[in-house]
Structures are given as structure tokens and as C-alpha cells.
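Structure file coords27.cif (mmCIF, C-alpha atoms) is printed below.
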data_structure
loop_
_atom_site.group_PDB
_atom_site.id
_atom_site.type_symbol
_atom_site.label_atom_id
_atom_site.label_comp_id
_atom_site.auth_asym_id
_atom_site.auth_seq_id
_atom_site.Cartn_x
_atom_site.Cartn_y
_atom_site.Cartn_z
ATOM 1 C CA MET S 1 48.032 152.098 77.319
ATOM 2 C CA VAL S 2 47.963 150.064 80.499
ATOM 3 C CA LEU S 3 51.196 148.393 81.609
ATOM 4 C CA LEU S 4 50.475 145.353 83.754
ATOM 5 C CA GLN S 5 52.287 142.510 85.489
ATOM 6 C CA PRO S 6 52.287 139.219 83.551
ATOM 7 C CA ASP S 7 49.450 137.562 85.529
ATOM 8 C CA PRO S 8 46.942 140.465 85.426
ATOM 9 C CA PHE S 9 47.868 140.876 81.755
ATOM 10 C CA LEU S 10 46.782 137.298 81.065
ATOM 11 C CA SER S 11 43.454 137.849 82.886
ATOM 12 C CA GLU S 12 42.794 140.997 80.876
ATOM 13 C CA LEU S 13 43.780 139.186 77.677
ATOM 14 C CA THR S 14 41.233 136.463 78.483
ATOM 15 C CA SER S 15 38.512 139.080 78.936
ATOM 16 C CA LEU S 16 39.526 140.720 75.614
ATOM 17 C CA TYR S 17 39.042 137.418 73.798
ATOM 18 C CA GLU S 18 35.711 136.832 75.521
ATOM 19 C CA LYS S 19 34.418 140.317 74.715
ATOM 20 C CA ASN S 20 35.210 139.879 71.015
ATOM 21 C CA LEU S 21 33.514 136.556 70.319
ATOM 22 C CA GLU S 22 30.598 137.917 68.270
ATOM 23 C CA SER S 23 32.523 140.547 66.339
ATOM 24 C CA GLY S 24 35.892 142.272 66.371
ATOM 25 C CA SER S 25 39.532 141.215 66.362
ATOM 26 C CA VAL S 26 42.186 140.726 68.998
ATOM 27 C CA TRP S 27 45.717 141.782 68.079
ATOM 28 C CA VAL S 28 48.711 140.571 70.089
ATOM 29 C CA THR S 29 52.145 142.074 69.327
ATOM 30 C CA MET S 30 55.501 140.838 70.597
ATOM 31 C CA LYS S 31 58.691 142.845 70.395
ATOM 32 C CA ARG S 32 62.101 142.966 71.996
ATOM 33 C CA SER S 33 62.512 146.119 74.056
ATOM 34 C CA CYS S 34 64.733 147.699 76.665
ATOM 35 C CA LEU S 35 62.400 150.646 77.180
ATOM 36 C CA LYS S 36 65.136 153.195 76.568
ATOM 37 C CA THR S 37 65.312 155.674 73.693
ATOM 38 C CA LYS S 38 67.764 154.978 70.885
ATOM 39 C CA ASN S 39 70.133 157.750 72.006
ATOM 40 C CA LYS S 40 70.101 156.577 75.611
ATOM 41 C CA ARG S 41 70.752 153.028 74.424
ATOM 42 C CA GLU S 42 73.729 154.069 72.297
ATOM 43 C CA GLN S 43 75.089 156.119 75.169
ATOM 44 C CA MET S 44 74.838 153.146 77.501
ATOM 45 C CA GLU S 45 76.572 150.916 74.957
ATOM 46 C CA LYS S 46 79.437 153.406 74.660
ATOM 47 C CA GLU S 47 79.841 153.501 78.407
ATOM 48 C CA GLY S 48 79.979 149.724 78.476
ATOM 49 C CA GLN S 49 76.826 149.322 80.591
ATOM 50 C CA LYS S 50 74.957 146.099 80.106
ATOM 51 C CA ILE S 51 71.495 146.728 78.668
ATOM 52 C CA GLU S 52 68.737 144.482 79.892
ATOM 53 C CA TYR S 53 66.238 143.470 77.232
ATOM 54 C CA LYS S 54 62.755 142.245 77.853
ATOM 55 C CA CYS S 55 59.984 140.962 75.660
ATOM 56 C CA LEU S 56 57.215 143.549 75.338
ATOM 57 C CA VAL S 57 53.800 142.006 74.733
ATOM 58 C CA ARG S 58 50.885 144.231 73.759
ATOM 59 C CA ALA S 59 47.269 143.271 73.203
ATOM 60 C CA THR S 60 44.333 145.283 71.910
ATOM 61 C CA ASP S 61 40.831 144.890 70.564
ATOM 62 C CA GLY S 62 40.927 148.230 68.777
ATOM 63 C CA LYS S 63 39.685 150.129 71.822
ATOM 64 C CA LYS S 64 41.476 148.891 74.907
ATOM 65 C CA ILE S 65 45.258 148.446 74.968
ATOM 66 C CA ILE S 66 47.113 146.392 77.564
ATOM 67 C CA SER S 67 50.793 145.520 77.760
ATOM 68 C CA THR S 68 53.351 143.694 79.833
ATOM 69 C CA LEU S 69 57.099 143.134 79.938
ATOM 70 C CA ILE S 70 58.550 139.639 80.173
ATOM 71 C CA ALA S 71 62.076 139.140 81.432
ATOM 72 C CA ALA S 72 64.079 136.013 80.614
ATOM 73 C CA LYS S 73 63.326 134.459 84.009
ATOM 74 C CA ASP S 74 59.539 134.792 83.580
ATOM 75 C CA GLN S 75 59.620 133.667 79.968
ATOM 76 C CA LEU S 76 58.863 129.949 80.351
ATOM 77 C CA LYS S 77 56.051 130.445 82.844
ATOM 78 C CA PHE S 78 54.405 133.197 80.788
ATOM 79 C CA GLN S 79 54.823 131.214 77.584
ATOM 80 C CA ALA S 80 52.946 128.247 79.071
ATOM 81 C CA SER S 81 50.109 130.355 80.510
ATOM 82 C CA TYR S 82 49.824 132.351 77.284
ATOM 83 C CA ALA S 83 49.559 129.132 75.254
ATOM 84 C CA THR S 84 46.765 127.934 77.574
ATOM 85 C CA VAL S 85 44.802 131.177 77.081
ATOM 86 C CA LEU S 86 45.166 130.963 73.297
ATOM 87 C CA ARG S 87 44.145 127.333 73.099
ATOM 88 C CA ALA S 88 41.078 128.023 75.213
ATOM 89 C CA HIS S 89 39.868 130.817 72.929
ATOM 90 C CA MET S 90 41.011 130.055 69.386
ATOM 91 C CA ASP S 91 38.391 127.399 68.758
ATOM 92 C CA ALA S 92 36.573 129.022 65.834
ATOM 93 C CA LEU S 93 39.157 127.695 63.391
ATOM 94 C CA LYS S 94 38.166 124.849 61.083
ATOM 95 C CA LYS S 95 39.185 121.354 61.999
ATOM 96 C CA ARG S 96 40.838 119.274 59.301
ATOM 97 C CA GLU S 97 37.935 118.206 57.081
ATOM 98 C CA ARG S 98 39.554 116.271 54.271
ATOM 99 C CA LYS S 99 40.819 113.392 56.393
ATOM 100 C CA ASP S 100 37.475 113.082 58.195
ATOM 101 C CA ARG S 101 35.559 113.028 54.913
ATOM 102 C CA LYS S 102 37.740 110.178 53.593
ATOM 103 C CA LYS S 103 37.252 108.167 56.776
ATOM 104 C CA ALA S 104 33.493 108.767 56.668
ATOM 105 C CA THR S 105 33.024 107.563 53.057
ATOM 106 C CA GLU S 106 35.018 104.307 53.419
ATOM 107 C CA PRO S 107 33.186 102.708 56.371
ATOM 108 C CA ALA S 108 29.868 103.951 54.955
ATOM 109 C CA LYS S 109 30.220 101.576 51.967
ATOM 110 C CA LYS S 110 30.747 98.451 54.093
ATOM 111 C CA PRO S 111 27.633 98.502 56.302
ATOM 112 C CA ASP S 112 25.420 98.512 53.179
ATOM 113 C CA ALA S 113 26.314 94.913 52.199
ATOM 114 C CA PRO S 114 25.756 92.962 55.423
ATOM 115 C CA LYS S 115 22.402 94.663 56.004
ATOM 116 C CA LYS S 116 19.799 91.965 56.404
ATOM 117 C CA ARG S 117 16.455 92.555 54.813
ATOM 118 C CA VAL S 118 13.743 91.132 56.945
ATOM 119 C CA PRO S 119 10.959 89.902 54.709
ATOM 120 C CA VAL S 120 7.718 91.573 55.684
ATOM 121 C CA LYS S 121 4.777 89.217 55.408
ATOM 122 C CA LYS S 122 1.814 91.036 54.001
ATOM 123 C CA PRO S 123 -1.544 89.308 53.753
ATOM 124 C CA GLY S 124 -2.450 88.781 50.128
ATOM 125 C CA SER S 125 1.037 89.230 48.698
ATOM 126 C CA THR S 126 2.616 86.355 46.807
ATOM 127 C CA LYS S 127 6.122 87.754 46.623
ATOM 128 C CA VAL S 128 8.272 87.201 49.704
ATOM 129 C CA MET M 129 51.629 142.583 51.814
ATOM 130 C CA VAL M 130 53.476 139.362 51.225
ATOM 131 C CA TYR M 131 51.361 136.356 52.171
ATOM 132 C CA ILE M 132 53.475 133.237 52.432
ATOM 133 C CA GLU M 133 51.860 129.910 51.563
ATOM 134 C CA SER M 134 54.299 127.559 53.256
ATOM 135 C CA TRP M 135 54.416 127.548 57.046
ATOM 136 C CA ASP M 136 58.038 126.388 57.202
ATOM 137 C CA GLU M 137 59.134 129.132 54.843
ATOM 138 C CA PHE M 138 57.289 131.705 56.935
ATOM 139 C CA VAL M 139 58.999 130.517 60.138
ATOM 140 C CA GLU M 140 62.468 130.403 58.591
ATOM 141 C CA ARG M 141 62.197 133.844 56.999
ATOM 142 C CA SER M 142 60.730 135.465 60.140
ATOM 143 C CA VAL M 143 63.500 134.137 62.358
ATOM 144 C CA GLN M 144 66.076 135.354 59.822
ATOM 145 C CA LEU M 145 64.394 138.767 59.768
ATOM 146 C CA PHE M 146 64.450 138.970 63.544
ATOM 147 C CA ARG M 147 68.082 137.916 63.819
ATOM 148 C CA ALA M 148 69.084 140.536 61.244
ATOM 149 C CA ASP M 149 67.411 143.364 63.193
ATOM 150 C CA PRO M 150 66.216 142.391 66.692
ATOM 151 C CA HIS M 151 65.481 146.006 67.656
ATOM 152 C CA SER M 152 62.822 146.837 65.100
ATOM 153 C CA THR M 153 61.376 143.410 64.240
ATOM 154 C CA ARG M 154 57.964 142.681 65.738
ATOM 155 C CA TYR M 155 55.590 139.735 65.587
ATOM 156 C CA VAL M 156 51.852 140.442 65.422
ATOM 157 C CA THR M 157 48.918 138.020 65.682
ATOM 158 C CA LYS M 158 45.371 138.986 64.734
ATOM 159 C CA TYR M 159 42.506 136.689 65.617
ATOM 160 C CA ARG M 160 38.857 137.100 64.601
ATOM 161 C CA HIS M 161 36.553 134.649 66.298
ATOM 162 C CA CYS M 162 33.498 135.740 64.272
ATOM 163 C CA ASP M 163 35.260 134.893 60.973
ATOM 164 C CA GLY M 164 37.384 132.078 62.371
ATOM 165 C CA LYS M 165 40.532 133.621 60.891
ATOM 166 C CA LEU M 166 44.080 133.976 62.176
ATOM 167 C CA VAL M 167 46.700 136.218 60.559
ATOM 168 C CA LEU M 168 50.372 136.344 61.581
ATOM 169 C CA LYS M 169 52.718 139.183 60.605
ATOM 170 C CA VAL M 170 56.450 139.649 61.125
ATOM 171 C CA THR M 171 57.935 142.969 60.060
ATOM 172 C CA ASP M 172 61.007 145.107 60.615
ATOM 173 C CA ASN M 173 59.281 148.167 59.137
ATOM 174 C CA ARG M 174 61.023 147.555 55.830
ATOM 175 C CA GLU M 175 60.021 144.046 54.895
ATOM 176 C CA CYS M 176 56.747 142.392 55.870
ATOM 177 C CA LEU M 177 55.934 138.685 55.986
ATOM 178 C CA LYS M 178 52.391 137.482 56.553
ATOM 179 C CA PHE M 179 50.641 134.179 56.991
ATOM 180 C CA LYS M 180 46.870 133.695 57.117
ATOM 181 C CA THR M 181 44.836 130.650 58.004
ATOM 182 C CA ASP M 182 41.504 129.336 59.165
ATOM 183 C CA GLN M 183 42.726 125.865 60.102
ATOM 184 C CA ALA M 184 42.892 124.593 63.679
ATOM 185 C CA GLN M 185 46.085 122.677 62.914
ATOM 186 C CA ASP M 186 47.875 125.964 62.166
ATOM 187 C CA ALA M 187 46.987 127.228 65.646
ATOM 188 C CA LYS M 188 49.183 124.472 67.057
ATOM 189 C CA LYS M 189 52.024 125.463 64.738
ATOM 190 C CA MET M 190 51.538 129.086 65.784
ATOM 191 C CA GLU M 191 51.954 128.071 69.428
ATOM 192 C CA LYS M 192 55.390 126.668 68.600
ATOM 193 C CA LEU M 193 56.284 129.869 66.759
ATOM 194 C CA ASN M 194 55.112 131.905 69.773
ATOM 195 C CA ASN M 195 57.525 129.934 71.938
ATOM 196 C CA ILE M 196 60.347 130.504 69.470
ATOM 197 C CA PHE M 197 59.765 134.253 69.457
ATOM 198 C CA PHE M 198 59.371 134.442 73.233
ATOM 199 C CA THR M 199 62.761 132.745 73.616
ATOM 200 C CA LEU M 200 64.441 134.922 70.997
ATOM 201 C CA MET M 201 62.976 138.145 72.321
ATOM 202 C CA SER M 202 63.532 137.704 76.043
ATOM 203 C CA ARG M 203 66.857 135.899 75.887
ATOM 204 C CA GLY M 204 68.393 137.471 72.813
ATOM 205 C CA PRO M 205 68.705 136.870 69.059
ATOM 206 C CA ASP M 206 71.437 134.291 69.624
ATOM 207 C CA ALA M 207 69.292 132.163 71.915
ATOM 208 C CA ILE M 208 68.828 128.548 70.980
ATOM 209 C CA TYR M 209 65.247 127.347 71.047
#
Kindly transcribe the structure held in the file into C-alpha cells.
Amino acid sequence: MVLLQPDPFLSELTSLYEKNLESGSVWVTMKRSCLKTKNKREQMEKEGQKIEYKCLVRATDGKKIISTLIAAKDQLKFQASYATVLRAHMDALKKRERKDRKKATEPAKKPDAPKKRVPVKKPGSTKV
Amino acid sequence: MVYIESWDEFVERSVQLFRADPHSTRYVTKYRHCDGKLVLKVTDNRECLKFKTDQAQDAKKMEKLNNIFFTLMSRGPDAIY
């Protein structure tokens, strides 16, 4: 389990997606964490200490595991970069087909009518 | 495993689940490029909600959900997104 800073984590996440194009899955887990055990947390709450929570993000391809912690101040920046990485790699999903099919059939009917048939003059043929 | 058909229902129930138990609720995404499939799971180790798709339009919706969870998890369950 490799704990990284947000930016190296995103680079490693990109390489995970790229490695698993032909086969395999990429799992990304998000969870709220303060990185303290339950007992320690309860003890801190009793003492009135403020517990700082972060968002723990883990990613794996079944073999390699990487993780990072996101504090509230890094949240917006990480969120934007993470969305960019996802959009760049999740392109195997199907585009909306139904709407395209409907659009394709309607204009296909119209061009059939105005098509001009150029009469081909063949020597010996009476019909034009 | 409970697969939810409606996206809006999935979002509403997952946020409720998180707010009820922010310590043990986690959000998992699994993406398979070779099959073109995306599966989302939200669980608190007692109840499990899942959503699966192969549509590109759901990837956009998932991005919004990612943002919601990022906000809730780093700022707190009472955060307004």
C-alpha cells in the first residue's frame, strides 16, 4: 500500500488506467478517515480535542495499490484534476445510440425523393 | 447485491447512507475498459447499494456524484454541496 501526495497519486492513477486498457479493472474507493483507531478517536472526543478528517482515496488494479489523503483545502483542486483523469480514460462506454438512430432514419428518407435520375442514352434502346 | 435502476434514487439513498454513518460508509468505483462497464457501490458494511452502466452519459452523472462525495467526505457529513 503506497501512500502518496495528491499529484503523484493522480499520475499513478493515470498509469493504472493505461495499463488496464486491454484487460483488467481499476477500482477507486473513497472514504472519510482521520487515520486514528476507534479507541484513540473516542479518547480524543472525550478530551474535547478536535479531530481532523480527511478524504482517503485508494486505487488498485488488483495488484498495485496506491492511496492518498485529501484535506478540505485540497478538495476542489483534486476533484477537478481527478475528473479530468476519469474523462480522459473512461471512453469505452457506449454513446447514446437511440437518439442518433432516430436522427439518422429521418433525414435518410428525404434525400431519396429529390434524387434526379439522369437518363442514360444507350444506342439501340427505345425507352428513355 | 442491490442494483438500483434509477440514478436519482441511487444518489439520494447513498447520500442518506453516508450521512447516517460517515465513519464506515465508503464509495467504490470499478471500471473495466475491455468490457466498457462501470459499476458504482456505496456501502456501510451493513447495507449495500450498487449501480451499473455501460453508457457514456452515466459517466458524466458519476462525475457529479464524485464531487458530492468529495465534498461530504473532506468537509463533513453536514457539508452543503
Quiz item: Mind listing as JSON, numbers by chain which residues of chain S are within 6 Å of chain M, counting all atoms listed in the file?
Solution: {"S": [21, 22, 23, 25, 26, 27, 28, 29, 30, 31, 32, 54, 55, 71, 72, 92, 93, 94, 95]}
Mind writing the picked residues with C-alpha atoms as a PDB file, in the frame of the given file?
ATOM      1  CA  LEU S  21      33.514 136.556  70.319  1.00  0.00           C
ATOM      2  CA  GLU S  22      30.598 137.917  68.270  1.00  0.00           C
ATOM      3  CA  SER S  23      32.523 140.547  66.339  1.00  0.00           C
ATOM      4  CA  SER S  25      39.532 141.215  66.362  1.00  0.00           C
ATOM      5  CA  VAL S  26      42.186 140.726  68.998  1.00  0.00           C
ATOM      6  CA  TRP S  27      45.717 141.782  68.079  1.00  0.00           C
ATOM      7  CA  VAL S  28      48.711 140.571  70.089  1.00  0.00           C
ATOM      8  CA  THR S  29      52.145 142.074  69.327  1.00  0.00           C
ATOM      9  CA  MET S  30      55.501 140.838  70.597  1.00  0.00           C
ATOM     10  CA  LYS S  31      58.691 142.845  70.395  1.00  0.00           C
ATOM     11  CA  ARG S  32      62.101 142.966  71.996  1.00  0.00           C
ATOM     12  CA  LYS S  54      62.755 142.245  77.853  1.00  0.00           C
ATOM     13  CA  CYS S  55      59.984 140.962  75.660  1.00  0.00           C
ATOM     14  CA  ALA S  71      62.076 139.140  81.432  1.00  0.00           C
ATOM     15  CA  ALA S  72      64.079 136.013  80.614  1.00  0.00           C
ATOM     16  CA  ALA S  92      36.573 129.022  65.834  1.00  0.00           C
ATOM     17  CA  LEU S  93      39.157 127.695  63.391  1.00  0.00           C
ATOM     18  CA  LYS S  94      38.166 124.849  61.083  1.00  0.00           C
ATOM     19  CA  LYS S  95      39.185 121.354  61.999  1.00  0.00           C
TER      20      LYS S  95
END
Practice problem: Please indicate the distance in Å from atom CA of Lys36 of chain S to atom CA of Gln144 of chain M, rounded to one decimal place. | Solution: 24.5 Å
Mind telling me what the PyMOL selection byres ((chain M and resi 139) around 10) catches here, as a PDB file with C-alpha atoms, keeping the file's coordinate frame?
ATOM      1  CA  ILE M 132      53.475 133.237  52.432  1.00  0.00           C
ATOM      2  CA  SER M 134      54.299 127.559  53.256  1.00  0.00           C
ATOM      3  CA  TRP M 135      54.416 127.548  57.046  1.00  0.00           C
ATOM      4  CA  ASP M 136      58.038 126.388  57.202  1.00  0.00           C
ATOM      5  CA  GLU M 137      59.134 129.132  54.843  1.00  0.00           C
ATOM      6  CA  PHE M 138      57.289 131.705  56.935  1.00  0.00           C
ATOM      7  CA  GLU M 140      62.468 130.403  58.591  1.00  0.00           C
ATOM      8  CA  ARG M 141      62.197 133.844  56.999  1.00  0.00           C
ATOM      9  CA  SER M 142      60.730 135.465  60.140  1.00  0.00           C
ATOM     10  CA  VAL M 143      63.500 134.137  62.358  1.00  0.00           C
ATOM     11  CA  GLN M 144      66.076 135.354  59.822  1.00  0.00           C
ATOM     12  CA  LEU M 145      64.394 138.767  59.768  1.00  0.00           C
ATOM     13  CA  VAL M 170      56.450 139.649  61.125  1.00  0.00           C
ATOM     14  CA  LEU M 177      55.934 138.685  55.986  1.00  0.00           C
ATOM     15  CA  PHE M 179      50.641 134.179  56.991  1.00  0.00           C
ATOM     16  CA  LYS M 189      52.024 125.463  64.738  1.00  0.00           C
ATOM     17  CA  MET M 190      51.538 129.086  65.784  1.00  0.00           C
ATOM     18  CA  LYS M 192      55.390 126.668  68.600  1.00  0.00           C
ATOM     19  CA  LEU M 193      56.284 129.869  66.759  1.00  0.00           C
ATOM     20  CA  ILE M 196      60.347 130.504  69.470  1.00  0.00           C
TER      21      ILE M 196
END
Self-check item: Separation of atom CA of Ala207 of chain M from atom CA of Ser81 of chain S, in Å and rounded to one decimal
Solution: 21.1 Å
Quiz item: On this structure, which residues satisfy the PyMOL selection byres ((chain S and resi 60-68) around 8), written as number ranges by chain?
Solution: S: 1-6, 9, 12-13, 16, 20, 24-28, 56-59, 69-70
Taking all listed atoms of segment 184-195 of chain M, build the axis-aligned box, pad each of the six sides by 4 Å, then write its centre and edge lengths in Å to one decimal as AutoDock Vina command-line options.
--center_x 50.2 --center_y 127.3 --center_z 67.1 --size_x 22.6 --size_y 17.2 --size_z 17.8
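Across the structure, atom CA of Thr171 of chain M and atom CA of Val130 of chain M are spaced 10.5 Å apart.
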Quiz item: Hey, which of S:Glu42, S:Gln49, S:Lys77, S:Tyr82 ends up closest to Ser11 of chain S? Count all atoms listed in the file.
Solution: S:Tyr82
